[in-house]
Amino acid sequence: MNDGRSGRRAFMKGAVAVPVLVGIAGQPISAAATPAGGTLAGVYHVATAAACGRWHTVVTDLSTGQPLSAIDDDGDFVIEAGSVQKLAIAVAVLSEVDAGAFTLSDRLTLTADHIAPGSGIYLNQVAYGDQLTVSNILTAMLQVSDNTAVRLLSELLTGEQINEILQRLGFTATRVEPIPGGRRFYLGYTTPRENNDLLYRLITGKLLSPASTAALLRIMTWPSVGYTDGIRRNMSSAERARIGTKHGALDDKRHETGLVFDRNGAPLLVYSYFADQVPDPDNYGATNPVVTAHATLGRTMLDAYDLLSPLGAAIDPRVAALSHSDGGHG
């Protein structure tokens, strides 16, 4: 019986609208130069070659309802995770919420000692003493990549405890780096494959409770606040709401990882793009060549898989129930 999937697969093989790519020298690359007839893997190879740097990537295709490898490029490379590791930290915290160790409504006090340099909102305050819920801290850590939030969460879980939880969850390479003599930790290391597996297990309900899964996905997919320089750059607000993403930038590294959903909330792709030795390492903005490649890949993923939603697949209510607006209440 023909369920239409073979025709939609033919779309993937030759009818993807390939965007114009811009090389490191600013010269456009012809779409005709894209191998494999414009498939995601073909665009990936052209985009990464143009951006330079070393890439370590795993992308998993969920459009058939089963996990299939779309890209596997040095997926077991152990790399400094940067702020992408905040996803693993959030999973560790939420797993303890699920276990009843503490609640999302528990409060911590923000002090001047917590303030960390780099990204976030708390460092811009001129006075402290705020009583912050665990939920507030997790939102700040993931949505605006707040570094102070990591220090606050160390009052709940030490680096050693986070690593024990990650080990218990089956992650062997994803580790924060405890700072001797205290509770705090550096963000540490991961691999693209373990990062991809974390997201796959999250979206399939194999990692956290339904409530914790929904809470994490709500933060990652919010379209009007958060990181939009990379994967979500060339998208409408409605399209951005279909992308759950987390970026990380550290020295010469630029990473972005997340999920692509169809129009009904069913997951289509899990992507984990990691890169080191990137050009223009002091440029943390949208014009860094690797970040520009992320934007190309984001648009390609959405366009290439938009017609490949799982046929007849039950939509996970934890995803479909999410709603977004840019003001007011709904």
# chains A, B, ... in the order shown; residues from 1 in each chain; ligands from 1
>>> select_by_dssp(residues="segment 243-312 of chain A", states="alpha helix (DSSP H)", output="JSON, numbers by chain")
{"A": [289, 290, 291, 292, 293, 294, 295, 296, 297, 298, 299, 300, 301, 302, 303, 304, 305]}
>>> closest_atom_pairs(of="segment 34-108 of chain A", to="segment 120-134 of chain A", cutoff="8 Å", atoms="only C-alpha atoms", output="JSON lines")
{"residue": "A:Thr103", "atom": "CA", "partner": "A:Val134", "partner_atom": "CA", "distance": 7.3}
{"residue": "A:Leu104", "atom": "CA", "partner": "A:Val134", "partner_atom": "CA", "distance": 4.8}
{"residue": "A:Ser105", "atom": "CA", "partner": "A:Thr133", "partner_atom": "CA", "distance": 5.2}
{"residue": "A:Asp106", "atom": "CA", "partner": "A:Thr133", "partner_atom": "CA", "distance": 5.4}
{"residue": "A:Arg107", "atom": "CA", "partner": "A:Thr133", "partner_atom": "CA", "distance": 4.2}
{"residue": "A:Leu108", "atom": "CA", "partner": "A:Leu132", "partner_atom": "CA", "distance": 5.3}
>>> closest_atom_pairs(of="segment 178-238 of chain A", to="segment 66-78 of chain A", cutoff="9 Å", atoms="only C-alpha atoms", output="JSON lines")
{"residue": "A:Tyr189", "atom": "CA", "partner": "A:Val78", "partner_atom": "CA", "distance": 6.6}
{"residue": "A:Thr190", "atom": "CA", "partner": "A:Val78", "partner_atom": "CA", "distance": 5.6}
{"residue": "A:Thr191", "atom": "CA", "partner": "A:Val78", "partner_atom": "CA", "distance": 4.8}
{"residue": "A:Pro192", "atom": "CA", "partner": "A:Gly75", "partner_atom": "CA", "distance": 5.1}
{"residue": "A:Arg193", "atom": "CA", "partner": "A:Gly75", "partner_atom": "CA", "distance": 5.2}
{"residue": "A:Glu194", "atom": "CA", "partner": "A:Asp76", "partner_atom": "CA", "distance": 8.0}
{"residue": "A:Tyr200", "atom": "CA", "partner": "A:Pro67", "partner_atom": "CA", "distance": 8.6}
>>> closest_atom_pairs(of="segment 63-132 of chain A", to="segment 243-259 of chain A", cutoff="6 Å", atoms="only C-alpha atoms", output="CSV")
residue,atom,partner,partner_atom,distance
A:Gly82,CA,A:Gly248,CA,5.0
A:Ser83,CA,A:Gly248,CA,4.2
A:Val84,CA,A:Gly248,CA,4.8
>>> select_by_dssp(residues="segment 11-229 of chain A", states="strand (DSSP E)", output="ChimeraX atom specification")
/A:21-22,28-29,54-61,68-73,79-80,107-109,131-133,175-178,185-190
>>> closest_residue(among="A:Ala295, A:Leu152, A:Met301, A:Ala101", to="Gly42 of chain A", atoms="only C-alpha atoms")
A:Met301
>>> residues_around(residues="Leu202 of chain A", least_positions_apart="2", cutoff="12 Å", atoms="only C-alpha atoms", output="MDAnalysis selection string")
chainID A and resid 87:88 90:91 94:95 169 195:200 204:217 244 258:259 267 270 316 318:319
>>> write_last_selection(atoms="N, CA, C and O atoms", output="CSV table (one decimal), in the first residue's frame")
chain,number,residue,atom,x,y,z
A,87,LEU,N,22.2,22.3,29.1
A,87,LEU,CA,21.1,21.4,28.9
A,87,LEU,C,21.3,20.1,29.8
A,87,LEU,O,20.4,19.7,30.4
A,88,ALA,N,22.5,19.6,29.8
A,88,ALA,CA,22.8,18.5,30.7
A,88,ALA,C,22.6,18.8,32.1
A,88,ALA,O,22.1,18.0,32.9
A,90,ALA,N,20.6,21.1,33.3
A,90,ALA,CA,19.1,21.2,33.5
A,90,ALA,C,18.5,19.9,33.7
A,90,ALA,O,17.6,19.7,34.5
A,91,VAL,N,19.0,18.9,32.8
A,91,VAL,CA,18.4,17.5,33.0
A,91,VAL,C,18.7,17.0,34.3
A,91,VAL,O,17.9,16.3,35.0
A,94,LEU,N,16.4,18.7,36.9
A,94,LEU,CA,15.0,18.2,36.7
A,94,LEU,C,14.8,16.8,37.1
A,94,LEU,O,13.8,16.4,37.6
A,95,SER,N,15.9,16.0,36.9
A,95,SER,CA,15.8,14.6,37.3
A,95,SER,C,15.7,14.5,38.8
A,95,SER,O,15.0,13.6,39.4
A,169,LEU,N,22.2,8.2,34.4
A,169,LEU,CA,21.4,8.4,33.3
A,169,LEU,C,22.0,7.7,32.0
A,169,LEU,O,21.3,7.7,30.9
A,195,ASN,N,25.3,14.2,23.3
A,195,ASN,CA,24.4,15.4,23.3
A,195,ASN,C,23.1,15.1,22.5
A,195,ASN,O,22.0,15.4,22.9
A,196,ASN,N,23.3,14.5,21.3
A,196,ASN,CA,22.2,14.1,20.5
A,196,ASN,C,21.3,13.1,21.1
A,196,ASN,O,20.0,13.2,21.1
A,197,ASP,N,21.9,12.1,21.8
A,197,ASP,CA,21.1,11.1,22.5
A,197,ASP,C,20.3,11.7,23.7
A,197,ASP,O,19.2,11.3,23.9
A,198,LEU,N,20.9,12.7,24.3
A,198,LEU,CA,20.2,13.4,25.4
A,198,LEU,C,18.9,14.0,24.9
A,198,LEU,O,17.8,13.8,25.5
A,199,LEU,N,19.0,14.7,23.8
A,199,LEU,CA,17.8,15.3,23.2
A,199,LEU,C,16.8,14.3,22.7
A,199,LEU,O,15.6,14.5,22.8
A,200,TYR,N,17.3,13.2,22.1
A,200,TYR,CA,16.4,12.2,21.5
A,200,TYR,C,15.6,11.5,22.7
A,200,TYR,O,14.4,11.3,22.6
A,204,THR,N,11.5,11.7,23.4
A,204,THR,CA,10.8,10.5,23.4
A,204,THR,C,10.3,10.1,24.8
A,204,THR,O,9.8,8.9,24.9
A,205,GLY,N,10.5,10.9,25.8
A,205,GLY,CA,10.0,10.6,27.1
A,205,GLY,C,10.8,9.6,27.9
A,205,GLY,O,10.3,9.1,28.8
A,206,LYS,N,12.0,9.4,27.5
A,206,LYS,CA,12.9,8.4,28.1
A,206,LYS,C,13.9,9.0,29.1
A,206,LYS,O,14.8,8.2,29.6
A,207,LEU,N,13.8,10.3,29.4
A,207,LEU,CA,14.8,10.9,30.3
A,207,LEU,C,14.2,11.5,31.5
A,207,LEU,O,14.7,11.4,32.6
A,208,LEU,N,13.1,12.3,31.3
A,208,LEU,CA,12.4,13.0,32.4
A,208,LEU,C,10.9,12.7,32.5
A,208,LEU,O,10.4,12.1,31.6
A,209,SER,N,10.3,13.2,33.6
A,209,SER,CA,8.9,13.0,33.7
A,209,SER,C,8.2,13.9,32.6
A,209,SER,O,8.8,14.8,32.1
A,210,PRO,N,6.9,13.6,32.3
A,210,PRO,CA,6.2,14.5,31.3
A,210,PRO,C,6.2,16.0,31.7
A,210,PRO,O,6.4,16.8,30.9
A,211,ALA,N,6.0,16.3,33.0
A,211,ALA,CA,6.0,17.7,33.4
A,211,ALA,C,7.4,18.3,33.2
A,211,ALA,O,7.5,19.5,32.8
A,212,SER,N,8.4,17.6,33.6
A,212,SER,CA,9.8,18.2,33.4
A,212,SER,C,10.2,18.3,32.0
A,212,SER,O,10.8,19.3,31.6
A,213,THR,N,9.8,17.3,31.2
A,213,THR,CA,10.0,17.4,29.7
A,213,THR,C,9.3,18.6,29.1
A,213,THR,O,10.0,19.4,28.4
A,214,ALA,N,8.1,18.8,29.5
A,214,ALA,CA,7.3,20.0,28.9
A,214,ALA,C,8.0,21.3,29.4
A,214,ALA,O,8.0,22.3,28.6
A,215,ALA,N,8.4,21.4,30.6
A,215,ALA,CA,9.0,22.6,31.1
A,215,ALA,C,10.3,22.9,30.4
A,215,ALA,O,10.5,24.1,30.0
A,216,LEU,N,11.1,21.9,30.1
A,216,LEU,CA,12.4,22.1,29.4
A,216,LEU,C,12.1,22.5,27.9
A,216,LEU,O,12.7,23.5,27.4
A,217,LEU,N,11.2,21.8,27.3
A,217,LEU,CA,10.9,22.2,25.9
A,217,LEU,C,10.3,23.5,25.7
A,217,LEU,O,10.5,24.2,24.7
A,244,GLY,N,13.6,24.0,19.0
A,244,GLY,CA,14.1,24.1,20.3
A,244,GLY,C,15.6,24.0,20.3
A,244,GLY,O,16.2,23.0,19.9
A,258,GLY,N,19.8,21.0,19.2
A,258,GLY,CA,18.4,21.2,19.5
A,258,GLY,C,17.5,20.2,18.7
A,258,GLY,O,17.9,19.2,18.2
A,259,LEU,N,16.2,20.7,18.5
A,259,LEU,CA,15.2,19.8,17.9
A,259,LEU,C,14.4,20.7,16.9
A,259,LEU,O,14.1,21.9,17.1
A,267,PRO,N,8.2,15.7,16.5
A,267,PRO,CA,9.6,16.0,16.3
A,267,PRO,C,10.1,15.4,14.9
A,267,PRO,O,9.7,14.3,14.6
A,270,VAL,N,16.7,15.8,15.3
A,270,VAL,CA,17.6,16.2,16.5
A,270,VAL,C,18.9,16.5,15.9
A,270,VAL,O,19.5,15.7,15.2
A,316,ASP,N,3.0,13.8,20.5
A,316,ASP,CA,3.3,13.8,21.9
A,316,ASP,C,2.6,15.0,22.5
A,316,ASP,O,2.9,16.2,22.2
A,318,ARG,N,3.0,16.4,25.3
A,318,ARG,CA,3.9,17.3,26.0
A,318,ARG,C,4.5,18.4,25.0
A,318,ARG,O,4.8,19.4,25.5
A,319,VAL,N,4.5,18.0,23.7
A,319,VAL,CA,5.0,19.0,22.7
A,319,VAL,C,3.8,19.8,22.2
A,319,VAL,O,3.8,21.0,22.1
>>> closest_residue(among="A:Gly170, A:Gly188, A:Gly182, A:Pro223", to="Met235 of chain A", atoms="only C-alpha atoms")
A:Pro223
>>> closest_residue(among="A:Tyr284, A:Trp55, A:Tyr186, A:Phe261", to="Gly230 of chain A", atoms="only C-alpha atoms")
A:Tyr284
>>> decode(residues="segment 51-62 of chain A", atoms="all heavy atoms", output="PDB file, in the first residue's frame")
ATOM      1  N   ALA A  51      32.591  27.505   5.784  1.00  0.00           N
ATOM      2  CA  ALA A  51      32.792  28.157   7.081  1.00  0.00           C
ATOM      3  C   ALA A  51      34.168  27.882   7.663  1.00  0.00           C
ATOM      4  O   ALA A  51      34.667  28.654   8.482  1.00  0.00           O
ATOM      5  CB  ALA A  51      31.714  27.689   8.061  1.00  0.00           C
ATOM      6  N   CYS A  52      34.779  26.777   7.270  1.00  0.00           N
ATOM      7  CA  CYS A  52      36.056  26.312   7.830  1.00  0.00           C
ATOM      8  C   CYS A  52      35.875  25.883   9.289  1.00  0.00           C
ATOM      9  O   CYS A  52      34.758  25.700   9.759  1.00  0.00           O
ATOM     10  CB  CYS A  52      37.140  27.367   7.674  1.00  0.00           C
ATOM     11  SG  CYS A  52      37.542  27.707   5.949  1.00  0.00           S
ATOM     12  N   GLY A  53      36.965  25.712  10.008  1.00  0.00           N
ATOM     13  CA  GLY A  53      36.903  25.115  11.329  1.00  0.00           C
ATOM     14  C   GLY A  53      36.792  23.605  11.230  1.00  0.00           C
ATOM     15  O   GLY A  53      36.699  23.031  10.144  1.00  0.00           O
ATOM     16  N   ARG A  54      36.850  22.949  12.390  1.00  0.00           N
ATOM     17  CA  ARG A  54      36.644  21.498  12.466  1.00  0.00           C
ATOM     18  C   ARG A  54      35.240  21.239  12.994  1.00  0.00           C
ATOM     19  O   ARG A  54      34.876  21.734  14.055  1.00  0.00           O
ATOM     20  CB  ARG A  54      37.674  20.843  13.388  1.00  0.00           C
ATOM     21  CG  ARG A  54      39.106  20.956  12.934  1.00  0.00           C
ATOM     22  CD  ARG A  54      39.997  20.033  13.752  1.00  0.00           C
ATOM     23  NE  ARG A  54      39.786  20.177  15.205  1.00  0.00           N
ATOM     24  CZ  ARG A  54      40.449  19.466  16.115  1.00  0.00           C
ATOM     25  NH1 ARG A  54      41.349  18.558  15.737  1.00  0.00           N
ATOM     26  NH2 ARG A  54      40.227  19.665  17.418  1.00  0.00           N
ATOM     27  N   TRP A  55      34.485  20.436  12.274  1.00  0.00           N
ATOM     28  CA  TRP A  55      33.105  20.172  12.644  1.00  0.00           C
ATOM     29  C   TRP A  55      32.962  18.749  13.178  1.00  0.00           C
ATOM     30  O   TRP A  55      33.597  17.821  12.682  1.00  0.00           O
ATOM     31  CB  TRP A  55      32.185  20.369  11.441  1.00  0.00           C
ATOM     32  CG  TRP A  55      32.006  21.815  11.068  1.00  0.00           C
ATOM     33  CD1 TRP A  55      32.946  22.644  10.534  1.00  0.00           C
ATOM     34  CD2 TRP A  55      30.816  22.586  11.207  1.00  0.00           C
ATOM     35  NE1 TRP A  55      32.411  23.892  10.330  1.00  0.00           N
ATOM     36  CE2 TRP A  55      31.111  23.896  10.735  1.00  0.00           C
ATOM     37  CE3 TRP A  55      29.530  22.315  11.685  1.00  0.00           C
ATOM     38  CZ2 TRP A  55      30.156  24.907  10.731  1.00  0.00           C
ATOM     39  CZ3 TRP A  55      28.580  23.326  11.673  1.00  0.00           C
ATOM     40  CH2 TRP A  55      28.898  24.603  11.203  1.00  0.00           C
ATOM     41  N   HIS A  56      32.092  18.615  14.166  1.00  0.00           N
ATOM     42  CA  HIS A  56      31.801  17.332  14.803  1.00  0.00           C
ATOM     43  C   HIS A  56      30.286  17.308  14.998  1.00  0.00           C
ATOM     44  O   HIS A  56      29.755  18.045  15.839  1.00  0.00           O
ATOM     45  CB  HIS A  56      32.533  17.206  16.131  1.00  0.00           C
ATOM     46  CG  HIS A  56      33.911  17.820  16.116  1.00  0.00           C
ATOM     47  ND1 HIS A  56      35.018  17.179  15.598  1.00  0.00           N
ATOM     48  CD2 HIS A  56      34.346  19.041  16.528  1.00  0.00           C
ATOM     49  CE1 HIS A  56      36.083  17.970  15.714  1.00  0.00           C
ATOM     50  NE2 HIS A  56      35.694  19.098  16.273  1.00  0.00           N
ATOM     51  N   THR A  57      29.600  16.463  14.241  1.00  0.00           N
ATOM     52  CA  THR A  57      28.150  16.626  14.102  1.00  0.00           C
ATOM     53  C   THR A  57      27.423  15.290  14.117  1.00  0.00           C
ATOM     54  O   THR A  57      27.888  14.305  13.533  1.00  0.00           O
ATOM     55  CB  THR A  57      27.837  17.350  12.770  1.00  0.00           C
ATOM     56  OG1 THR A  57      28.390  18.662  12.819  1.00  0.00           O
ATOM     57  CG2 THR A  57      26.344  17.426  12.521  1.00  0.00           C
ATOM     58  N   VAL A  58      26.267  15.290  14.774  1.00  0.00           N
ATOM     59  CA  VAL A  58      25.310  14.190  14.660  1.00  0.00           C
ATOM     60  C   VAL A  58      23.928  14.797  14.457  1.00  0.00           C
ATOM     61  O   VAL A  58      23.502  15.659  15.234  1.00  0.00           O
ATOM     62  CB  VAL A  58      25.311  13.289  15.912  1.00  0.00           C
ATOM     63  CG1 VAL A  58      24.184  12.251  15.832  1.00  0.00           C
ATOM     64  CG2 VAL A  58      26.653  12.582  16.078  1.00  0.00           C
ATOM     65  N   VAL A  59      23.243  14.384  13.404  1.00  0.00           N
ATOM     66  CA  VAL A  59      21.854  14.781  13.161  1.00  0.00           C
ATOM     67  C   VAL A  59      21.037  13.512  12.984  1.00  0.00           C
ATOM     68  O   VAL A  59      21.405  12.626  12.196  1.00  0.00           O
ATOM     69  CB  VAL A  59      21.714  15.678  11.920  1.00  0.00           C
ATOM     70  CG1 VAL A  59      20.243  16.057  11.700  1.00  0.00           C
ATOM     71  CG2 VAL A  59      22.559  16.939  12.055  1.00  0.00           C
ATOM     72  N   THR A  60      19.937  13.405  13.722  1.00  0.00           N
ATOM     73  CA  THR A  60      19.078  12.228  13.679  1.00  0.00           C
ATOM     74  C   THR A  60      17.738  12.584  13.063  1.00  0.00           C
ATOM     75  O   THR A  60      17.095  13.560  13.464  1.00  0.00           O
ATOM     76  CB  THR A  60      18.869  11.651  15.091  1.00  0.00           C
ATOM     77  OG1 THR A  60      20.149  11.328  15.653  1.00  0.00           O
ATOM     78  CG2 THR A  60      18.011  10.405  15.050  1.00  0.00           C
ATOM     79  N   ASP A  61      17.319  11.813  12.087  1.00  0.00           N
ATOM     80  CA  ASP A  61      16.068  11.994  11.353  1.00  0.00           C
ATOM     81  C   ASP A  61      14.970  11.192  12.048  1.00  0.00           C
ATOM     82  O   ASP A  61      15.072   9.974  12.197  1.00  0.00           O
ATOM     83  CB  ASP A  61      16.294  11.505   9.918  1.00  0.00           C
ATOM     84  CG  ASP A  61      15.046  11.553   9.041  1.00  0.00           C
ATOM     85  OD1 ASP A  61      13.946  11.819   9.553  1.00  0.00           O
ATOM     86  OD2 ASP A  61      15.187  11.305   7.826  1.00  0.00           O
ATOM     87  N   LEU A  62      13.918  11.875  12.493  1.00  0.00           N
ATOM     88  CA  LEU A  62      12.785  11.215  13.153  1.00  0.00           C
ATOM     89  C   LEU A  62      11.530  11.237  12.282  1.00  0.00           C
ATOM     90  O   LEU A  62      10.446  10.904  12.754  1.00  0.00           O
ATOM     91  CB  LEU A  62      12.480  11.898  14.492  1.00  0.00           C
ATOM     92  CG  LEU A  62      13.623  11.977  15.498  1.00  0.00           C
ATOM     93  CD1 LEU A  62      13.158  12.677  16.761  1.00  0.00           C
ATOM     94  CD2 LEU A  62      14.179  10.605  15.818  1.00  0.00           C
TER      95      LEU A  62
END
